[in-house]
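In what follows, a structure is listed as structure tokens, so that the remarks can point back to it.
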Amino acid sequence: MSVFSFTQNPIARAEMAIQQRPLSTSLVVRVVRYAFYTWLTVMAVGLIGVELVAAVTHANPPALIERLSPIIQIFLFLVTAAHFRLMFRTLAATVAAMERERRHDERWESLVMTGIPARAIVLGKWSALVRSGWREYAWLALWRAGAVIWLGASTSRSLMSYYSTNMSTSIDFSITRPAPLHFLLALLIIVTLTMLNLLFTTACGVYAGIAYKRGAIVAAILTRLLMIVCFSIGLVVILCQLSAFSVMRLNNDERTASDDYSLTMALSAATSWGLGSLYDNGATLAGATVSYGVTVEDMSPISAPSWVMLLTFVVVVGFYSVLTVIALFIGQAQAERFGALKAQEVKRK
């Protein structure tokens, strides 16, 4: 049996059965939850639609939107709170799932004595928890998309309106507006990175739940933060070395190095944006994708090209994937440390 066949993994099936147990909640709680989800969804879709229409028709949103500013601010606050609440709840649920096995030595011993390798234990728990939590993250992705797209488009539109009013008439300039494709790209960025956040957060919880019997939730939070910080520091060092090498080549031979230098600068910009996206889960990147810009005569546009945004999106997807694999790997190493079988030992048997 391949440990990557999650549906055939006995650990995944057992954990999925536990996670799917219905929770006993009162009717009032269910009604409030349904109303809360509905309101957030309507707000998110409405804000995206308003900004999309404003960008396509080259018109400002109706005055009603400005009157609803307090409600929009409440929406932004609730989306931010929901994001962190869901992240901490995911860590707590993952740690609890691992502590259920690690809390009692007899239970952990019986698990490892079944002959299931450490990789199957880690991937089984991880996959079951991801499958049980993806719906909540899908809702969160839609709400975050509404908040981020509205912030990026409305804020930059207001700034461009101010520039067009106060800029000298002797300067020839034009306002660049986001196209529908930019909105689609921003939505793709937020949805994809929100779901990748689920994969990475769950992997950190699996590691902490195996490695620590006490304070595992705090350990999971610190593990997630330290992995991102250390990963960022390492990439910054690499970027500095690449930039220095490119400048050296450019000084030696401008004709042969100019193309390499441009590519290196684009990769550096994408990597820098990508590192920022690890901290805000793509909010700044998606907001910049739908932002308005200004183009002054005989000058480059004061905004990043769309292909750089797309390259950044690919880069940050790679970042999240690498971090998730690392977290799962060290979780597997911890399981082996506490007696779980290695894959080579299972093959010999």
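Letters for chains follow the order of the structure tokens (A, B, ...), residue numbers begin at 1 for each chain, and ligand numbers begin at 1 in the order shown.
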
Residues near Met227 (chain A), anyone? I mean within 12 Å using only C-alpha atoms, not counting same-chain ones fewer than 3 positions away, as a JSON list (two decimals) with C-alpha atoms, in the first residue's frame.
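New file result.json:
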```
[["chain", "number", "residue", "atom", "x", "y", "z"],
["A", 200, "PHE", "CA", 1.20, 24.18, 5.88],
["A", 201, "THR", "CA", -0.59, 24.97, 9.16],
["A", 203, "ALA", "CA", 1.67, 20.04, 8.82],
["A", 204, "CYS", "CA", 3.11, 22.24, 11.60],
["A", 219, "ALA", "CA", 5.07, 24.83, 19.91],
["A", 220, "ALA", "CA", 3.02, 24.55, 16.71],
["A", 221, "ILE", "CA", 2.59, 28.34, 16.51],
["A", 222, "LEU", "CA", 6.29, 28.93, 17.13],
["A", 223, "THR", "CA", 7.25, 26.20, 14.63],
["A", 224, "ARG", "CA", 5.14, 27.83, 11.93],
["A", 230, "CYS", "CA", 14.36, 31.02, 8.80],
["A", 231, "PHE", "CA", 13.19, 30.32, 5.25],
["A", 232, "SER", "CA", 13.00, 34.08, 4.60],
["A", 233, "ILE", "CA", 16.48, 34.72, 5.99],
["A", 234, "GLY", "CA", 17.95, 31.96, 3.84],
["A", 278, "LEU", "CA", 4.23, 34.08, 3.43],
["A", 279, "TYR", "CA", 3.45, 36.59, 6.18],
["A", 319, "PHE", "CA", 7.51, 28.39, -1.07],
["A", 320, "TYR", "CA", 4.41, 27.02, 0.63],
["A", 322, "VAL", "CA", 8.55, 23.42, 0.25],
["A", 323, "LEU", "CA", 7.65, 24.52, 3.78],
["A", 324, "THR", "CA", 4.82, 21.98, 3.97],
["A", 325, "VAL", "CA", 7.08, 19.14, 2.84],
["A", 326, "ILE", "CA", 9.74, 20.17, 5.37],
["A", 327, "ALA", "CA", 7.18, 20.26, 8.20],
["A", 330, "ILE", "CA", 10.44, 16.63, 10.46]]
```

Please return as a PyMOL selection string: the residues of region 56-202 of chain A that backbone DSSP assigns to strand (DSSP E). chain A and resi 173-176

N, CA and C atoms of the current selection, written as a PDB file, in the first residue's frame:
```pdb
ATOM      1  N   PHE A 173      -0.200  62.368 -18.539  1.00  0.00           N
ATOM      2  CA  PHE A 173      -0.261  61.096 -17.825  1.00  0.00           C
ATOM      3  C   PHE A 173      -1.606  60.416 -18.110  1.00  0.00           C
ATOM      4  N   SER A 174      -1.675  59.163 -17.787  1.00  0.00           N
ATOM      5  CA  SER A 174      -2.922  58.410 -17.943  1.00  0.00           C
ATOM      6  C   SER A 174      -3.065  57.432 -16.785  1.00  0.00           C
ATOM      7  N   ILE A 175      -4.299  57.162 -16.418  1.00  0.00           N
ATOM      8  CA  ILE A 175      -4.595  56.231 -15.334  1.00  0.00           C
ATOM      9  C   ILE A 175      -4.770  54.837 -15.920  1.00  0.00           C
ATOM     10  N   THR A 176      -4.064  53.862 -15.374  1.00  0.00           N
ATOM     11  CA  THR A 176      -4.216  52.475 -15.800  1.00  0.00           C
ATOM     12  C   THR A 176      -5.144  51.764 -14.822  1.00  0.00           C
TER      13      THR A 176
END
```

Nearest residue to Tyr137 (chain A) from the set A:Ala153, A:Gly274, A:Met87, A:Leu23 (distances using only C-alpha atoms): A:Met87

For each of A:Ala54, A:Ile238, A:Val218, A:Leu185, take the minimum atom-to-atom distance to Phe313 (chain A), counting only C-alpha atoms, then give the residue where this is smallest.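 Closest to Phe313 (chain A) of all the choices is A:Leu185.
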
Residues within 12 Å of Leu184 (chain A), only C-alpha atoms, excluding chain neighbours under 4 positions, as JSON, numbers by chain: {"A": [48, 49, 52, 145, 146, 149, 178, 179, 180, 188, 189, 190, 191, 286, 287, 289, 290, 310]}

Between CA of Ala97 (chain A) and CA of Trp139 (chain A), what is the distance, to one decimal in Å?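 We find that CA of Ala97 (chain A) and CA of Trp139 (chain A) lie 23.2 Å from each other.
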